[in-house]
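Structure file target39.cif (mmCIF, C-alpha atoms and all ligand atoms) follows.
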```cif
data_query
#
loop_
_atom_site.label_atom_id
_atom_site.label_comp_id
_atom_site.auth_asym_id
_atom_site.auth_seq_id
_atom_site.Cartn_x
_atom_site.Cartn_y
_atom_site.Cartn_z
CA MET A 1 -0.44 33.68 22.15
CA ARG A 2 1.67 31.08 20.38
CA LEU A 3 0.21 31.41 16.91
CA SER A 4 2.28 33.56 14.61
CA LEU A 5 0.85 35.48 11.70
CA THR A 6 2.66 33.06 9.44
CA ALA A 7 0.96 30.10 11.08
CA LEU A 8 -2.41 31.80 10.75
CA ALA A 9 -1.76 32.42 7.10
CA CYS A 10 -0.78 28.78 6.72
CA SER A 11 -3.99 27.65 8.40
CA ALA A 12 -6.02 29.85 6.10
CA LEU A 13 -4.26 28.37 3.11
CA LEU A 14 -4.90 24.85 4.38
CA LEU A 15 -8.58 25.61 4.83
CA THR A 16 -8.80 26.77 1.26
CA ALA A 17 -7.29 23.42 0.33
CA CYS A 18 -4.67 24.20 -2.26
CA ASP A 19 -2.77 21.04 -3.10
CA ASP A 20 0.22 22.79 -4.57
CA VAL A 21 0.84 25.96 -2.67
CA ILE A 22 4.29 27.26 -3.50
CA VAL A 23 6.05 28.77 -0.52
CA GLU A 24 9.46 30.34 -0.36
CA ASN A 25 10.64 28.05 2.37
CA PRO A 26 13.30 25.51 1.42
CA ALA A 27 13.19 24.14 4.96
CA VAL A 28 10.10 22.11 4.13
CA GLU A 29 11.55 20.74 0.92
CA TYR A 30 12.20 17.05 0.88
CA THR A 31 15.52 15.40 0.19
CA PRO A 32 15.44 11.59 0.25
CA GLU A 33 18.92 11.38 1.76
CA THR A 34 18.06 13.25 4.94
CA ALA A 35 14.32 13.37 5.54
CA PRO A 36 13.69 9.70 6.50
CA ALA A 37 16.29 9.70 9.24
CA ALA A 38 15.10 13.01 10.59
CA ALA A 39 11.48 11.87 10.64
CA ALA A 40 12.42 8.57 12.27
CA THR A 41 14.22 10.38 15.04
CA ARG A 42 11.24 12.56 15.79
CA LEU A 43 8.77 9.70 15.65
CA ALA A 44 10.87 7.51 17.93
CA VAL A 45 10.59 9.97 20.79
CA SER A 46 7.01 9.24 21.74
CA PRO A 47 4.03 7.27 20.48
CA ARG A 48 2.20 10.58 20.21
CA ILE A 49 4.09 13.25 18.35
CA ARG A 50 3.19 16.84 17.89
CA ALA A 51 4.97 18.45 15.03
CA GLN A 52 5.89 22.10 14.81
CA PRO A 53 4.62 23.94 11.76
CA ALA A 54 7.33 24.03 9.14
CA ASP A 55 6.81 27.73 8.68
CA ALA A 56 7.17 28.73 12.31
CA PRO A 57 8.90 32.06 12.97
CA ALA A 58 12.34 30.55 12.37
CA ALA A 59 11.41 29.81 8.78
CA PRO A 60 12.26 33.20 7.21
CA ALA A 61 15.92 32.54 7.99
CA ALA A 62 15.81 29.23 6.21
CA PRO A 63 16.54 30.43 2.67
CA ALA A 64 20.10 31.12 3.73
CA ALA A 65 20.57 27.55 4.93
CA PRO A 66 21.83 24.98 2.44
CA ALA A 67 19.58 22.30 3.95
CA ALA A 68 17.56 21.46 0.90
CA ALA A 69 19.46 20.70 -2.23
CA PRO A 70 17.28 20.12 -5.28
CA ARG A 71 16.62 16.42 -5.71
CA THR A 72 18.15 15.82 -9.10
CA PRO A 73 21.43 17.66 -8.60
CA ALA A 74 21.82 16.00 -5.21
CA ARG A 75 21.48 12.61 -6.76
CA ALA A 76 23.83 13.18 -9.68
CA PRO A 77 27.09 12.68 -7.75
CA ALA A 78 25.68 9.53 -6.15
CA LEU A 79 24.84 8.21 -9.57
CA ALA A 80 28.37 8.79 -10.71
CA ALA A 81 29.75 6.99 -7.67
CA GLU A 82 27.55 3.91 -7.85
CA PRO A 83 24.97 2.54 -10.25
CA GLN A 84 22.13 2.18 -7.73
CA ARG A 85 19.58 4.94 -7.42
CA VAL A 86 17.57 5.85 -4.38
CA THR A 87 14.40 6.26 -6.41
CA GLY A 88 13.59 6.17 -10.07
CA GLY A 89 11.47 7.95 -12.58
CA PRO A 90 10.80 11.58 -13.23
CA GLY A 91 8.23 13.37 -11.19
CA PRO A 92 6.92 16.69 -10.06
CA ARG A 93 8.61 18.68 -7.35
CA ARG A 94 6.14 20.72 -5.44
CA ARG A 95 6.17 22.35 -2.08
CA VAL A 96 3.08 22.29 0.05
CA VAL A 97 2.17 24.27 3.10
CA GLU A 98 1.89 21.66 5.78
CA PRO A 99 3.55 20.83 9.07
CA ASP A 100 6.60 18.59 8.97
CA PRO A 101 5.87 15.84 9.83
CA PRO A 102 2.26 16.51 8.90
CA PHE A 103 0.63 14.10 11.33
CA VAL A 104 0.59 12.83 14.88
CA SER A 105 0.44 9.08 15.47
CA THR A 106 -1.80 7.64 18.18
CA PRO A 107 -1.79 3.90 19.06
CA VAL A 108 -5.37 2.62 19.32
CA ALA A 109 -5.06 -1.16 19.76
CA THR A 110 -2.50 -3.96 19.70
CA LEU A 111 -2.95 -7.06 17.57
CA ASN A 112 -1.13 -10.28 16.81
CA GLU A 113 0.51 -10.20 13.37
CA PRO A 114 -2.16 -7.97 11.82
CA TRP A 115 -2.19 -8.09 8.02
CA ALA A 116 -5.07 -6.07 6.59
CA MET A 117 -8.06 -3.94 7.58
CA ALA A 118 -11.38 -2.65 6.32
CA PHE A 119 -13.81 -0.17 7.88
CA LEU A 120 -17.46 -1.10 8.39
CA PRO A 121 -20.12 1.55 7.71
CA ASP A 122 -20.59 1.93 11.49
CA GLY A 123 -16.97 3.07 11.85
CA ARG A 124 -15.62 -0.11 13.40
CA LEU A 125 -12.64 -1.79 11.80
CA LEU A 126 -12.19 -5.38 10.63
CA VAL A 127 -8.57 -6.52 11.02
CA THR A 128 -7.14 -9.82 9.85
CA GLU A 129 -4.47 -11.55 11.88
CA LYS A 130 -2.15 -13.80 9.92
CA ASN A 131 -2.74 -16.83 12.14
CA GLY A 132 -6.37 -16.99 11.00
CA THR A 133 -8.25 -14.72 13.42
CA LEU A 134 -10.57 -11.99 12.19
CA ARG A 135 -10.86 -9.12 14.66
CA LEU A 136 -13.37 -6.31 15.00
CA VAL A 137 -11.93 -3.18 16.58
CA ASN A 138 -14.00 -0.40 18.09
CA VAL A 139 -11.59 2.38 17.13
CA ALA A 140 -13.26 4.82 19.53
CA THR A 141 -12.54 2.66 22.59
CA GLY A 142 -9.71 0.40 21.42
CA GLN A 143 -11.76 -2.69 22.36
CA VAL A 144 -11.03 -5.73 20.20
CA GLY A 145 -13.56 -8.50 19.51
CA THR A 146 -13.53 -11.64 17.36
CA ILE A 147 -15.48 -12.69 14.27
CA THR A 148 -15.86 -16.48 14.31
CA GLY A 149 -16.39 -18.81 11.37
CA VAL A 150 -13.22 -17.98 9.44
CA PRO A 151 -12.08 -21.02 7.42
CA ARG A 152 -8.97 -22.83 8.61
CA VAL A 153 -5.90 -21.14 7.14
CA ALA A 154 -2.40 -22.49 6.43
CA TYR A 155 -0.36 -20.25 8.69
CA GLY A 156 3.39 -20.08 8.11
CA GLY A 157 6.06 -18.30 6.11
CA GLN A 158 4.36 -15.37 4.39
CA GLY A 159 1.02 -17.17 4.43
CA GLY A 160 -2.10 -17.25 6.54
CA LEU A 161 -5.21 -15.11 6.68
CA GLY A 162 -4.73 -12.27 4.20
CA ASP A 163 -6.93 -9.42 3.07
CA VAL A 164 -10.48 -8.42 3.99
CA ILE A 165 -12.72 -6.10 1.97
CA LEU A 166 -16.42 -5.24 1.94
CA HIS A 167 -18.70 -5.81 -1.01
CA PRO A 168 -19.64 -2.38 -2.46
CA GLN A 169 -23.24 -3.05 -1.37
CA PHE A 170 -22.26 -4.35 2.05
CA ALA A 171 -24.85 -2.14 3.75
CA SER A 172 -27.62 -4.21 2.17
CA ASN A 173 -26.00 -7.63 1.56
CA ARG A 174 -23.55 -7.85 4.54
CA ARG A 175 -20.99 -9.56 2.30
CA ILE A 176 -17.28 -9.50 2.93
CA TYR A 177 -14.43 -11.08 0.98
CA LEU A 178 -11.43 -12.75 2.57
CA SER A 179 -8.20 -14.12 1.12
CA TYR A 180 -6.15 -16.76 2.87
CA VAL A 181 -3.73 -19.59 2.19
CA GLU A 182 -4.79 -23.22 2.15
CA GLN A 183 -2.61 -26.32 2.12
CA SER A 184 -3.15 -29.51 0.12
CA GLY A 185 -0.59 -32.08 1.19
CA ALA A 186 2.78 -30.42 0.64
CA ILE A 187 1.59 -27.62 -1.64
CA TYR A 188 -0.03 -24.26 -0.95
CA GLY A 189 -2.11 -21.61 -2.64
CA ALA A 190 -4.21 -18.56 -1.85
CA VAL A 191 -7.98 -18.70 -2.06
CA VAL A 192 -10.67 -16.01 -1.92
CA VAL A 193 -14.05 -16.57 -0.29
CA ARG A 194 -17.07 -14.41 0.22
CA ALA A 195 -19.20 -14.68 3.34
CA GLN A 196 -22.01 -12.93 5.17
CA LEU A 197 -20.98 -11.02 8.26
CA ASP A 198 -23.46 -11.27 11.11
CA LEU A 199 -22.59 -8.85 13.88
CA GLY A 200 -23.37 -9.89 17.43
CA SER A 201 -23.10 -8.15 20.75
CA GLY A 202 -20.03 -6.22 21.77
CA ASN A 203 -17.43 -6.33 19.02
CA ASN A 204 -18.09 -9.95 18.13
CA GLY A 205 -19.77 -11.63 15.20
CA ASN A 206 -19.87 -14.64 12.92
CA LEU A 207 -19.37 -15.52 9.26
CA THR A 208 -21.94 -17.65 7.46
CA GLY A 209 -22.52 -18.76 3.89
CA ILE A 210 -18.82 -19.04 3.09
CA THR A 211 -18.41 -19.54 -0.65
CA ARG A 212 -15.12 -20.06 -2.45
CA ILE A 213 -14.90 -17.89 -5.53
CA TRP A 214 -11.23 -18.07 -6.57
CA GLU A 215 -8.00 -19.94 -5.99
CA GLN A 216 -4.41 -19.74 -7.12
CA ALA A 217 -3.55 -22.28 -9.78
CA PRO A 218 -1.40 -24.22 -9.62
CA LYS A 219 -0.74 -24.79 -5.94
CA VAL A 220 2.99 -25.14 -5.43
CA SER A 221 5.51 -25.82 -2.65
CA GLY A 222 6.72 -23.05 -0.36
CA GLN A 223 4.94 -20.37 1.64
CA GLY A 224 5.97 -17.11 -0.01
CA HIS A 225 4.67 -14.56 -2.51
CA PHE A 226 0.97 -15.28 -2.21
CA SER A 227 0.23 -11.54 -2.50
CA HIS A 228 -3.61 -12.00 -2.30
CA ARG A 229 -4.52 -8.34 -1.83
CA LEU A 230 -8.12 -7.49 -2.78
CA ALA A 231 -10.00 -4.46 -4.05
CA PHE A 232 -13.36 -3.61 -5.60
CA ASP A 233 -13.63 -0.98 -8.31
CA ALA A 234 -16.49 1.41 -9.00
CA ASN A 235 -18.04 -1.11 -11.42
CA ARG A 236 -18.27 -3.82 -8.75
CA LYS A 237 -15.41 -5.83 -10.26
CA LEU A 238 -13.18 -7.71 -7.82
CA TRP A 239 -9.41 -7.35 -8.19
CA ILE A 240 -6.95 -9.87 -6.74
CA THR A 241 -3.18 -9.64 -6.73
CA SER A 242 -1.70 -13.09 -7.30
CA GLY A 243 2.02 -13.43 -6.60
CA ASP A 244 4.55 -15.60 -8.41
CA ARG A 245 4.87 -17.94 -5.39
CA GLN A 246 8.66 -17.47 -5.67
CA LYS A 247 8.59 -19.67 -8.79
CA PHE A 248 9.47 -16.93 -11.33
CA ASP A 249 8.36 -18.34 -14.72
CA PRO A 250 4.68 -18.87 -13.85
CA ALA A 251 4.31 -15.05 -14.01
CA GLN A 252 4.63 -15.40 -17.81
CA ASP A 253 2.57 -18.61 -18.13
CA MET A 254 -1.03 -17.96 -19.11
CA GLY A 255 -1.93 -21.55 -18.25
CA GLY A 256 -1.92 -20.56 -14.56
CA ASN A 257 -2.90 -17.47 -12.60
CA LEU A 258 0.32 -16.92 -10.60
CA GLY A 259 2.17 -13.63 -11.07
CA LYS A 260 -0.98 -11.94 -12.41
CA LEU A 261 -3.50 -9.27 -11.56
CA ILE A 262 -6.93 -10.89 -11.60
CA ARG A 263 -10.25 -9.22 -12.44
CA LEU A 264 -13.49 -11.01 -11.61
CA ASN A 265 -17.19 -10.42 -11.25
CA ASP A 266 -18.29 -10.33 -7.62
CA ASP A 267 -19.37 -13.99 -7.86
CA GLY A 268 -15.91 -15.09 -9.04
CA THR A 269 -16.74 -15.58 -12.71
CA ALA A 270 -14.52 -13.99 -15.35
CA PRO A 271 -15.94 -10.86 -17.02
CA SER A 272 -16.35 -11.30 -20.76
CA ASP A 273 -14.49 -8.03 -21.41
CA ASN A 274 -11.27 -9.26 -19.77
CA PRO A 275 -8.35 -9.03 -22.21
CA PHE A 276 -7.64 -12.77 -22.43
CA TYR A 277 -11.22 -13.95 -21.95
CA ALA A 278 -11.31 -15.72 -25.31
CA GLN A 279 -8.45 -18.00 -24.22
CA GLY A 280 -10.64 -19.45 -21.48
CA GLY A 281 -9.32 -21.28 -18.42
CA ASN A 282 -7.15 -19.31 -16.02
CA ALA A 283 -6.26 -16.80 -18.74
CA ALA A 284 -9.86 -15.55 -18.77
CA GLN A 285 -9.33 -14.15 -15.24
CA VAL A 286 -6.14 -12.28 -16.08
CA TRP A 287 -5.98 -8.50 -16.50
CA THR A 288 -2.16 -8.15 -16.48
CA LEU A 289 0.81 -10.51 -16.17
CA GLY A 290 4.49 -10.48 -15.29
CA HIS A 291 4.11 -9.55 -11.62
CA ARG A 292 6.27 -10.73 -8.72
CA ASN A 293 4.74 -10.06 -5.28
CA PRO A 294 2.15 -7.26 -5.44
CA LEU A 295 1.01 -6.33 -1.93
CA GLY A 296 -0.77 -3.07 -2.67
CA ILE A 297 -3.52 -2.07 -5.07
CA ALA A 298 -5.53 1.15 -5.23
CA PHE A 299 -7.56 3.30 -7.60
CA ASP A 300 -6.94 7.01 -8.03
CA ALA A 301 -9.65 9.66 -8.39
CA GLU A 302 -9.63 9.25 -12.17
CA GLY A 303 -10.22 5.49 -11.86
CA ARG A 304 -6.67 4.55 -12.81
CA LEU A 305 -5.42 1.40 -11.10
CA TRP A 306 -2.02 1.42 -9.41
CA SER A 307 -0.23 -1.53 -7.88
CA HIS A 308 3.14 -1.86 -6.24
CA GLU A 309 5.20 -5.01 -6.01
CA MET A 310 8.30 -6.15 -4.19
CA GLY A 311 11.38 -6.48 -6.34
CA PRO A 312 14.12 -9.04 -5.70
CA GLU A 313 17.41 -7.49 -4.52
CA GLY A 314 16.40 -3.98 -5.47
CA GLY A 315 13.75 -2.89 -7.88
CA ASP A 316 10.54 -2.48 -5.90
CA GLU A 317 7.98 -1.15 -8.37
CA LEU A 318 4.94 1.10 -8.53
CA ASN A 319 3.04 0.25 -11.70
CA LEU A 320 0.19 1.88 -13.56
CA ILE A 321 -2.01 -1.09 -14.43
CA LEU A 322 -3.10 -1.09 -18.06
CA ARG A 323 -5.40 -3.65 -19.61
CA GLY A 324 -3.65 -6.73 -20.97
CA ARG A 325 -0.11 -5.48 -20.40
CA ASN A 326 2.92 -7.53 -19.38
CA TYR A 327 4.97 -6.07 -16.50
CA GLY A 328 8.02 -8.16 -17.26
CA TRP A 329 8.79 -10.35 -14.28
CA PRO A 330 10.99 -12.43 -14.26
CA LEU A 331 12.45 -11.40 -17.61
CA VAL A 332 13.18 -7.80 -16.61
CA SER A 333 13.56 -5.94 -13.31
CA GLU A 334 15.20 -2.84 -11.89
CA GLY A 335 16.77 -5.16 -9.30
CA ASN A 336 19.00 -8.21 -9.36
CA HIS A 337 18.54 -11.74 -8.12
CA TYR A 338 19.48 -12.26 -4.48
CA GLY A 339 23.23 -12.66 -4.39
CA GLY A 340 23.72 -10.34 -7.33
CA GLY A 341 22.75 -12.34 -10.42
CA PRO A 342 21.86 -9.70 -12.99
CA ILE A 343 18.40 -9.33 -14.54
CA PRO A 344 17.94 -7.23 -17.69
CA ARG A 345 16.33 -3.84 -17.01
CA HIS A 346 12.90 -2.80 -18.27
CA SER A 347 14.62 -0.48 -20.75
CA THR A 348 15.89 -3.52 -22.67
CA ARG A 349 12.33 -4.66 -23.38
CA PRO A 350 10.09 -1.79 -24.41
CA ASP A 351 7.36 -4.33 -25.12
CA PHE A 352 7.00 -4.70 -21.34
CA GLU A 353 5.40 -2.04 -19.18
CA ALA A 354 8.03 -0.28 -17.04
CA PRO A 355 7.28 0.91 -13.50
CA LYS A 356 6.34 4.56 -13.00
CA GLU A 357 8.44 4.65 -9.82
CA TRP A 358 10.91 2.15 -8.42
CA TRP A 359 13.18 1.78 -5.42
CA THR A 360 16.72 0.55 -4.91
CA PRO A 361 17.42 -0.03 -2.06
CA VAL A 362 14.01 -1.57 -1.58
CA ILE A 363 11.28 -0.13 0.61
CA ALA A 364 9.45 -3.52 0.75
CA PRO A 365 6.02 -2.05 0.01
CA ALA A 366 2.91 -3.47 1.73
CA GLY A 367 -0.54 -1.92 1.61
CA MET A 368 -1.48 1.30 -0.17
CA ILE A 369 -4.13 3.98 -0.28
CA ILE A 370 -4.54 6.91 -2.62
CA TYR A 371 -5.79 9.58 -0.27
CA SER A 372 -9.19 11.12 -0.99
CA GLY A 373 -10.23 12.46 2.42
CA ASN A 374 -10.79 15.94 3.77
CA LEU A 375 -8.82 15.73 7.01
CA PHE A 376 -5.40 16.14 5.34
CA ARG A 377 -6.14 18.57 2.53
CA THR A 378 -2.57 18.56 1.21
CA PHE A 379 -2.56 14.75 0.96
CA ARG A 380 -5.33 14.48 -1.60
CA GLY A 381 -4.36 12.44 -4.63
CA ASP A 382 -1.12 11.19 -3.08
CA ALA A 383 -0.42 7.50 -2.51
CA PHE A 384 0.61 6.30 0.94
CA ILE A 385 2.50 3.01 0.94
CA GLY A 386 3.46 0.94 3.97
CA GLY A 387 7.13 -0.02 4.15
CA LEU A 388 8.28 -3.26 5.76
CA ALA A 389 12.09 -3.20 5.41
CA SER A 390 12.05 0.59 5.23
CA GLN A 391 9.93 0.84 8.42
CA ALA A 392 8.27 3.85 6.92
CA LEU A 393 5.18 5.36 5.41
CA VAL A 394 6.15 6.27 1.86
CA ARG A 395 4.25 9.08 0.15
CA VAL A 396 4.12 9.16 -3.62
CA ARG A 397 2.90 12.10 -5.67
CA PHE A 398 1.39 11.69 -9.10
CA ASN A 399 1.47 13.95 -12.11
CA GLY A 400 -0.99 12.40 -14.50
CA THR A 401 0.46 8.97 -15.17
CA SER A 402 3.91 9.69 -13.77
CA ALA A 403 4.73 9.10 -10.12
CA SER A 404 7.60 9.74 -7.75
CA GLU A 405 8.34 9.39 -4.07
CA TYR A 406 7.57 12.70 -2.45
CA ARG A 407 8.19 12.13 1.25
CA ARG A 408 9.13 9.28 3.53
CA TYR A 409 8.03 9.22 7.16
CA GLY A 410 10.06 6.96 9.42
CA MET A 411 7.75 4.98 11.73
CA GLY A 412 10.32 2.88 13.58
CA ARG A 413 8.43 -0.36 12.85
CA ARG A 414 7.60 -2.41 9.79
CA ILE A 415 4.31 -1.13 8.35
CA ARG A 416 2.05 -3.87 6.97
CA ASP A 417 -1.08 -2.05 5.87
CA VAL A 418 -2.54 1.41 5.28
CA GLU A 419 -6.21 2.40 5.28
CA GLN A 420 -8.19 5.62 5.06
CA GLY A 421 -10.82 6.04 7.76
CA PRO A 422 -14.32 7.41 7.23
CA ASP A 423 -13.32 10.80 8.69
CA GLY A 424 -10.15 11.01 6.59
CA ALA A 425 -7.71 9.88 9.26
CA ILE A 426 -5.02 7.48 8.03
CA TRP A 427 -4.69 4.14 9.80
CA LEU A 428 -1.61 1.94 9.85
CA LEU A 429 -0.96 -1.60 11.00
CA GLU A 430 2.47 -2.43 12.31
CA ASP A 431 3.77 -5.84 11.27
CA GLY A 432 4.47 -8.76 13.57
CA GLY A 433 3.51 -9.80 17.09
CA ASN A 434 2.16 -6.92 19.18
CA GLY A 435 1.61 -4.95 16.01
CA ARG A 436 -0.13 -1.71 16.84
CA LEU A 437 -3.04 -0.11 15.07
CA LEU A 438 -2.02 3.53 14.63
CA LYS A 439 -4.27 6.48 13.84
CA LEU A 440 -2.66 9.41 12.03
CA THR A 441 -4.32 12.80 12.39
CA PRO A 442 -3.18 16.36 11.67
CA PRO A 443 -1.13 17.96 14.46
CA GLY A 444 -2.53 20.75 16.58
CA CA A 501 -7.99 -2.41 3.36
CA CA A 502 8.17 -4.99 -13.74
#
```

Give the structure from the file, written as structure tokens.
Ligand SMILES: [Ca+2]
Ligand SMILES: [Ca+2]
Amino acid sequence: MRLSLTALACSALLLTACDDVIVENPAVEYTPETAPAAAATRLAVSPRIRAQPADAPAAPAAPAAPAAAPRTPARAPALAAEPQRVTGGPGPRRRVVEPDPPFVSTPVATLNEPWAMAFLPDGRLLVTEKNGTLRLVNVATGQVGTITGVPRVAYGGQGGLGDVILHPQFASNRRIYLSYVEQSGAIYGAVVVRAQLDLGSGNNGNLTGITRIWEQAPKVSGQGHFSHRLAFDANRKLWITSGDRQKFDPAQDMGGNLGKLIRLNDDGTAPSDNPFYAQGGNAAQVWTLGHRNPLGIAFDAEGRLWSHEMGPEGGDELNLILRGRNYGWPLVSEGNHYGGGPIPRHSTRPDFEAPKEWWTPVIAPAGMIIYSGNLFRTFRGDAFIGGLASQALVRVRFNGTSASEYRRYGMGRRIRDVEQGPDGAIWLLEDGGNGRLLKLTPPG
């Protein structure tokens, strides 16, 4: 019998679903300086990892070990030595009863530069590939089919086929929304279309009735910072992240829609209660401005909207999105220009909205969910952010409207997108060629 009484007690606690169980076990406490490397080592061993419960019989000895220094005191000497911080912002420190790491990772399929995913009501998964292919994955078998009829995309740089989401009434109207990059001569911009998804035999299907409902304005040169992540809210409003296209100043220019978070009706028209609606034109679409390259957007259980964005050299941000606010780019940042050119910090401009959490060095955030499932009871309410440069899954814990990194799980590959499955499993897409679709489930 391998189960200890402690493990049984832990299981009982998990079943009763306390989010914030306090345990006298410093061994499970997180320190940013050590936990990512440790997790990466474990996860690199095998594509399927079984974690040992953190409170296995060895745990009672742990209080004597100096393994887990409190986060703030540990950081203080580093702050004195150099100005850069590992993470920013105050936040709660809680210990939860859960295995460490709290999931096993199972590869389900391999795709070519996958970028985003969305579950259909039947449990199959739509996955975009950056080169313009829309896939349909049977996650039970790993079989991968193709949805034809996707418009031609401008593939290159950071651009190509982008996000895919379902209309909230997909079950009755079969509508999906896609973002992708189009080229006009030497200039580029993201567009959003809606289409009807007709499913065929196997895992194949076709798009019909493709209708353009939004486009970045103006189109500009270069193939970076399109952002073009999509989300629907509970009121059937469509949200689009629109990056600064690496042109900086347009993020503050209300004549265009670059560097903004966009809020639209599901037909692409601007809602009359948008904050700048009276200004008309592109401004009517805008909910917030001063964004750089937001690649993740998600609502929490209270309906608050959170979005992260990549900083320049340092200063990745997690922002609480508030109606009509200016988030400061490129006038303020917690990072510097590439090569070290300084940018004033958010603290110098209290009229701009400062991030609730930020990262230097960068994590390069891409994709985000705020977990609401039942499979991982201790995850509920936490954000899970994919990390490109950090090759990690970054977990953020909220306390009302404050947020702070809580754990970081090394994945050994750049993580492009995160999704929550219908049964509460967490799904990840690795970035690049031969990017795997990974399913995360509780160990044991
Ligand atoms: Ca998604
Ligand atoms: Ca900012």

message: For a quick check of understanding, using only C-alpha atoms and all ligand atoms, which of A:Glu353, A:Asp431, A:Asp233, A:Asp417 has the smallest distance to ligand CA 501 (chain A)?
response: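 Checking each candidate against ligand CA 501 (chain A), we get A:Asp417 as the closest.
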
statement: Computed gap from atom CA of Leu295 of chain A to atom CA of Gln246 of chain A is 14.0 Å

- request: Would you mind listing the residues within 10 Å of ligand CA 502 (chain A), counting only C-alpha atoms and all ligand atoms, as a PyMOL selection string?
  value: chain A and resi 289-292+308-311+315-319+326-335+345-346+352-356+358

task: Identify which of the residues A:Arg229, A:Lys247, A:Arg414, A:Arg436 lies closest to ligand CA 501 (chain A), counting only C-alpha atoms and all ligand atoms when measuring atom-to-atom distances.
output: A:Arg229

task: Would you kindly return, as a PyMOL selection string, each protein, DNA or RNA residue with an atom no farther than 9 Å from any atom of Ala171 of chain A, considering only C-alpha atoms and excluding same-chain residues fewer than 3 positions away?
output: chain A and resi 120-121+167-168+174-175

field: Minimum-distance residue to Met117 of chain A, chosen among A:Ser347, A:Ser307, A:Thr288, A:Gln420 (using all atoms listed in the file)
entry: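 That would be A:Gln420, the residue with the smallest distance to Met117 of chain A.
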
field: Within 12 Å of ligand CA 501 (chain A) (all atoms listed in the file), residues as JSON, numbers by chain
entry: {"A": [114, 115, 116, 117, 118, 119, 120, 125, 126, 127, 128, 162, 163, 164, 165, 166, 176, 177, 178, 179, 228, 229, 230, 231, 232, 295, 296, 297, 298, 366, 367, 368, 369, 370, 386, 416, 417, 418, 419, 420, 421, 426, 427, 428, 429]}

task: Can you work out the spacing between atom CA of Asn206 of chain A and atom CA of Val153 of chain A in Å, to one decimal?
output: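 Rounded to one decimal, the two atoms are 16.5 Å apart.
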
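Computed from the coordinates, the atom CA of Ala140 of chain A to atom CA of Val108 of chain A distance equals 8.2 Å.
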
query: Is there a way to get, as an NGL selection string, all residues within 10 Å of the point (-1.6, 8.3, 15.1) in file coordinates, counting only C-alpha atoms?
result: :A and (47-49 or 103-108 or 425-428 or 437-443)

Just the selected residues (C-alpha atoms), exported as a CSV table (one decimal), in the frame of the given file, please.
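Okay, part37.csv is ready:
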```csv
chain,number,residue,atom,x,y,z
A,47,PRO,CA,4.0,7.3,20.5
A,48,ARG,CA,2.2,10.6,20.2
A,49,ILE,CA,4.1,13.2,18.4
A,103,PHE,CA,0.6,14.1,11.3
A,104,VAL,CA,0.6,12.8,14.9
A,105,SER,CA,0.4,9.1,15.5
A,106,THR,CA,-1.8,7.6,18.2
A,107,PRO,CA,-1.8,3.9,19.1
A,108,VAL,CA,-5.4,2.6,19.3
A,425,ALA,CA,-7.7,9.9,9.3
A,426,ILE,CA,-5.0,7.5,8.0
A,427,TRP,CA,-4.7,4.1,9.8
A,428,LEU,CA,-1.6,1.9,9.8
A,437,LEU,CA,-3.0,-0.1,15.1
A,438,LEU,CA,-2.0,3.5,14.6
A,439,LYS,CA,-4.3,6.5,13.8
A,440,LEU,CA,-2.7,9.4,12.0
A,441,THR,CA,-4.3,12.8,12.4
A,442,PRO,CA,-3.2,16.4,11.7
A,443,PRO,CA,-1.1,18.0,14.5
```

field: Surrounding residues of Leu264 of chain A excluding itself and chain neighbours under 2 positions, 8 Å, all atoms listed in the file, as a list in words
entry: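 Contacts, with the query itself left out: Lys237, Leu238, Trp239, Ile262, Asp266, Asp267, Gly268, Thr269, Ala270, Pro271 and Gln285 of chain A.
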
query: Which residues come within 8 Å of Gly160 of chain A, counting only C-alpha atoms, excluding same-chain residues fewer than 3 positions away, as a list in words?
result: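 Contacts, in chain order: Lys130, Asn131, Gly132, Val153, Ala154, Tyr155, Gly156, Tyr180, Val181 and Glu182 of chain A.
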
Which residue of A:Asn274, A:Val286, A:Gly341, A:Gly157 approaches Gln216 of chain A most closely, using all atoms listed in the file: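 Checking each of A:Asn274, A:Val286, A:Gly341, A:Gly157 against Gln216 of chain A, counting all atoms listed in the file, the winner is A:Val286.
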
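The smallest atom-to-atom distance between Asp351 of chain A and any of A:Tyr409, A:Gly433, A:Arg325, A:Gly243, using all atoms listed in the file, is found for A:Arg325.
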
message: Between A:Thr141, A:Phe379, A:Ala195, A:Phe226, which residue has the minimum interatomic distance to Thr211 of chain A, considering all atoms listed in the file?
response: A:Ala195
